[in-house]
$ cat work_33.tsv   # TSV, C-alpha atoms
chain	number	residue	atom	x	y	z
F	1	MET	CA	-31.57	-121.30	28.78
F	2	SER	CA	-31.20	-117.55	28.87
F	3	ASP	CA	-29.62	-115.74	25.95
F	4	ILE	CA	-27.85	-113.31	28.29
F	5	LEU	CA	-24.44	-114.58	27.16
F	6	LYS	CA	-25.30	-113.73	23.57
F	7	LYS	CA	-26.54	-110.28	24.58
F	8	LEU	CA	-23.41	-109.65	26.63
F	9	ALA	CA	-21.18	-110.84	23.79
F	10	GLU	CA	-22.85	-108.37	21.43
F	11	VAL	CA	-22.35	-105.49	23.86
F	12	LEU	CA	-18.73	-106.47	24.54
F	13	GLU	CA	-18.03	-106.64	20.82
F	14	SER	CA	-19.60	-103.24	20.23
F	15	ARG	CA	-17.31	-101.68	22.84
F	16	LYS	CA	-14.10	-102.76	21.10
F	17	ASP	CA	-13.92	-99.67	18.89
F	18	ALA	CA	-15.46	-97.28	21.40
F	19	ALA	CA	-13.53	-94.45	23.02
F	20	PRO	CA	-12.03	-95.49	26.36
F	21	ASP	CA	-13.93	-92.76	28.19
F	22	SER	CA	-17.27	-93.90	26.74
F	23	SER	CA	-17.68	-97.09	28.78
F	24	TYR	CA	-16.05	-99.25	31.42
F	25	VAL	CA	-15.52	-102.11	28.98
F	26	ALA	CA	-13.99	-99.81	26.36
F	27	SER	CA	-11.59	-98.54	29.02
F	28	LEU	CA	-10.56	-102.12	29.82
F	29	TYR	CA	-9.97	-102.92	26.16
F	30	HIS	CA	-7.97	-99.73	25.74
F	31	ALA	CA	-5.82	-100.52	28.81
F	32	GLY	CA	-5.04	-103.96	27.38
F	33	THR	CA	-4.61	-107.53	28.51
F	34	ASP	CA	-2.75	-106.81	31.74
F	35	LYS	CA	-5.56	-104.55	33.02
F	36	ILE	CA	-8.20	-107.09	32.04
F	37	LEU	CA	-6.27	-109.85	33.81
F	38	LYS	CA	-5.83	-107.68	36.90
F	39	LYS	CA	-9.60	-107.11	37.07
F	40	LEU	CA	-10.26	-110.80	36.49
F	41	GLY	CA	-7.88	-111.68	39.33
F	42	GLU	CA	-9.55	-109.15	41.63
F	43	GLU	CA	-12.96	-110.59	40.84
F	44	ALA	CA	-11.72	-114.14	41.39
F	45	THR	CA	-10.36	-113.15	44.80
F	46	GLU	CA	-13.60	-111.40	45.72
F	47	THR	CA	-15.52	-114.51	44.68
F	48	VAL	CA	-13.31	-116.67	46.90
F	49	ILE	CA	-13.85	-114.31	49.84
F	50	ALA	CA	-17.61	-114.33	49.24
F	51	GLY	CA	-17.56	-118.12	49.09
F	52	LYS	CA	-15.64	-118.29	52.33
F	53	GLY	CA	-18.17	-115.95	53.94
F	54	GLY	CA	-21.04	-118.11	52.78
F	55	ASN	CA	-23.44	-115.25	52.07
F	56	ARG	CA	-25.60	-116.39	49.17
F	57	GLU	CA	-26.24	-112.92	47.74
F	58	GLU	CA	-22.56	-111.97	47.88
F	59	ILE	CA	-21.56	-115.22	46.18
F	60	ILE	CA	-24.04	-114.58	43.37
F	61	TYR	CA	-22.96	-110.94	42.98
F	62	GLU	CA	-19.23	-111.70	42.93
F	63	THR	CA	-19.66	-114.69	40.63
F	64	ALA	CA	-21.54	-112.45	38.19
F	65	ASP	CA	-18.58	-110.03	38.27
F	66	LEU	CA	-16.16	-112.91	37.72
F	67	TRP	CA	-18.12	-114.30	34.79
F	68	PHE	CA	-18.49	-110.83	33.28
F	69	HIS	CA	-14.77	-110.13	33.40
F	70	SER	CA	-14.09	-113.61	32.02
F	71	LEU	CA	-16.31	-112.70	29.07
F	72	VAL	CA	-14.35	-109.47	28.62
F	73	LEU	CA	-11.13	-111.50	28.45
F	74	LEU	CA	-12.66	-113.87	25.90
F	75	ALA	CA	-13.93	-111.02	23.74
F	76	HIS	CA	-10.60	-109.20	23.97
F	77	ASN	CA	-8.97	-112.33	22.55
F	78	ASN	CA	-11.66	-112.85	19.90
F	79	ILE	CA	-12.89	-116.04	21.52
F	80	ASP	CA	-16.62	-116.65	21.32
F	81	HIS	CA	-18.17	-117.79	24.60
F	82	GLN	CA	-19.68	-120.70	22.67
F	83	GLU	CA	-16.18	-122.19	22.38
F	84	VAL	CA	-16.03	-122.40	26.18
F	85	LEU	CA	-19.52	-123.88	26.31
F	86	ASP	CA	-18.48	-126.42	23.66
F	87	GLU	CA	-15.45	-127.35	25.76
F	88	LEU	CA	-17.66	-127.84	28.81
F	89	ASP	CA	-20.01	-129.94	26.69
F	90	ARG	CA	-17.06	-132.03	25.50
F	91	ARG	CA	-16.14	-132.71	29.12
F	92	PHE	CA	-19.69	-133.60	30.17
F	93	GLY	CA	-19.90	-137.21	31.23
F	94	LEU	CA	-16.11	-137.48	31.43
F	95	SER	CA	-14.71	-137.86	34.90
F	96	GLY	CA	-12.50	-135.03	36.10
F	97	ILE	CA	-9.71	-137.52	36.68
F	98	ALA	CA	-9.93	-138.87	33.11
F	99	GLU	CA	-10.16	-135.35	31.64
F	100	LYS	CA	-7.07	-134.23	33.57
F	101	ALA	CA	-5.18	-137.36	32.50
F	102	SER	CA	-6.00	-136.64	28.85
F	103	ARG	CA	-4.36	-133.19	29.14
F	104	ASP	CA	-1.19	-134.60	30.69
F	105	LYS	CA	-0.35	-136.67	27.62
$ encode --input "work_33.tsv" --output "structure tokens"
Amino acid sequence: MSDILKKLAEVLESRKDAAPDSSYVASLYHAGTDKILKKLGEEATETVIAGKGGNREEIIYETADLWFHSLVLLAHNNIDHQEVLDELDRRFGLSGIAEKASRDK
């Protein structure tokens, strides 16, 4: 497995104290949660449109943007990406129906 998530997490963390005009990520952090969520929503919509279009390269490109902005949101909230991976691991082998039912209790 690639360590790109770790590398990205390190870069995202390093941008937290950077001047907003020094990098795109620093500008997102400076603008706050609403701006980050807006970008995440835009990327989600673009991913849906790419999926609807069925173009493989566009799907990959837009999914990369979506994942990246998801990582920005996690970092902004001091959540390590490993926590999400651990949650996915917890769900592995559990049916989606059973997992959903466990949240409804």
$ closest_residue --input "work_33.tsv" --among "F:Gly96, F:Gly41, F:Pro20, F:Gly53" --to "F:Leu73" --atoms "all atoms listed in the file"
F:Gly41
$ atom_distance --input "work_33.tsv" --atom1 "atom CA of F:Ile59" --atom2 "atom CA of F:Leu5"
19.2 Å
$ atom_distance --input "work_33.tsv" --atom1 "atom CA of F:Leu66" --atom2 "atom CA of F:Glu43"
5.0 Å
$ closest_residue --input "work_33.tsv" --among "F:Ile60, F:Ala44, F:Leu28, F:Ala98" --to "F:Ala75" --atoms "only C-alpha atoms"
F:Leu28
$ closest_residue --input "work_33.tsv" --among "F:Leu40, F:Val84, F:Ala50, F:Leu12" --to "F:Asp65" --atoms "all atoms listed in the file"
F:Leu40
$ closest_residue --input "work_33.tsv" --among "F:Ala9, F:Ala31, F:Ala64, F:Leu94" --to "F:Glu46" --atoms "all atoms listed in the file"
F:Ala64
$ atom_distance --input "work_33.tsv" --atom1 "atom CA of F:Val72" --atom2 "atom CA of F:Arg91"
23.3 Å
$ decode --input "work_33.tsv" --residues "stretch 21-32 of chain F" --atoms "N, CA, C and O atoms" --output "PDB file, in the first residue's frame"
ATOM      1  N   ASP F  21      -1.858  33.269   2.099  1.00  0.00           N
ATOM      2  CA  ASP F  21      -1.447  33.516   0.717  1.00  0.00           C
ATOM      3  C   ASP F  21      -0.249  32.661   0.292  1.00  0.00           C
ATOM      4  O   ASP F  21       0.239  32.777  -0.828  1.00  0.00           O
ATOM      5  N   SER F  22       0.185  31.765   1.172  1.00  0.00           N
ATOM      6  CA  SER F  22       1.351  30.935   0.865  1.00  0.00           C
ATOM      7  C   SER F  22       0.994  29.618   0.188  1.00  0.00           C
ATOM      8  O   SER F  22       1.841  29.006  -0.470  1.00  0.00           O
ATOM      9  N   SER F  23      -0.245  29.153   0.364  1.00  0.00           N
ATOM     10  CA  SER F  23      -0.648  27.899  -0.278  1.00  0.00           C
ATOM     11  C   SER F  23      -2.172  27.803  -0.319  1.00  0.00           C
ATOM     12  O   SER F  23      -2.877  28.449   0.470  1.00  0.00           O
ATOM     13  N   TYR F  24      -2.645  26.978  -1.227  1.00  0.00           N
ATOM     14  CA  TYR F  24      -4.084  26.753  -1.359  1.00  0.00           C
ATOM     15  C   TYR F  24      -4.660  26.180  -0.071  1.00  0.00           C
ATOM     16  O   TYR F  24      -5.700  26.644   0.424  1.00  0.00           O
ATOM     17  N   VAL F  25      -3.991  25.185   0.488  1.00  0.00           N
ATOM     18  CA  VAL F  25      -4.487  24.553   1.717  1.00  0.00           C
ATOM     19  C   VAL F  25      -4.497  25.550   2.870  1.00  0.00           C
ATOM     20  O   VAL F  25      -5.471  25.606   3.627  1.00  0.00           O
ATOM     21  N   ALA F  26      -3.448  26.338   2.997  1.00  0.00           N
ATOM     22  CA  ALA F  26      -3.423  27.357   4.056  1.00  0.00           C
ATOM     23  C   ALA F  26      -4.580  28.330   3.894  1.00  0.00           C
ATOM     24  O   ALA F  26      -5.186  28.745   4.884  1.00  0.00           O
ATOM     25  N   SER F  27      -4.911  28.676   2.654  1.00  0.00           N
ATOM     26  CA  SER F  27      -6.044  29.579   2.433  1.00  0.00           C
ATOM     27  C   SER F  27      -7.365  28.932   2.834  1.00  0.00           C
ATOM     28  O   SER F  27      -8.248  29.609   3.359  1.00  0.00           O
ATOM     29  N   LEU F  28      -7.494  27.636   2.624  1.00  0.00           N
ATOM     30  CA  LEU F  28      -8.703  26.932   3.066  1.00  0.00           C
ATOM     31  C   LEU F  28      -8.802  26.924   4.587  1.00  0.00           C
ATOM     32  O   LEU F  28      -9.863  27.214   5.148  1.00  0.00           O
ATOM     33  N   TYR F  29      -7.703  26.579   5.245  1.00  0.00           N
ATOM     34  CA  TYR F  29      -7.697  26.586   6.707  1.00  0.00           C
ATOM     35  C   TYR F  29      -8.060  27.965   7.244  1.00  0.00           C
ATOM     36  O   TYR F  29      -8.851  28.100   8.174  1.00  0.00           O
ATOM     37  N   HIS F  30      -7.471  28.990   6.656  1.00  0.00           N
ATOM     38  CA  HIS F  30      -7.712  30.353   7.110  1.00  0.00           C
ATOM     39  C   HIS F  30      -9.183  30.745   6.920  1.00  0.00           C
ATOM     40  O   HIS F  30      -9.759  31.419   7.772  1.00  0.00           O
ATOM     41  N   ALA F  31      -9.788  30.317   5.820  1.00  0.00           N
ATOM     42  CA  ALA F  31     -11.191  30.645   5.533  1.00  0.00           C
ATOM     43  C   ALA F  31     -12.151  29.903   6.463  1.00  0.00           C
ATOM     44  O   ALA F  31     -13.269  30.356   6.681  1.00  0.00           O
ATOM     45  N   GLY F  32     -11.729  28.757   6.980  1.00  0.00           N
ATOM     46  CA  GLY F  32     -12.522  28.039   7.968  1.00  0.00           C
ATOM     47  C   GLY F  32     -13.361  26.893   7.432  1.00  0.00           C
ATOM     48  O   GLY F  32     -13.348  26.577   6.243  1.00  0.00           O
TER      49      GLY F  32
END
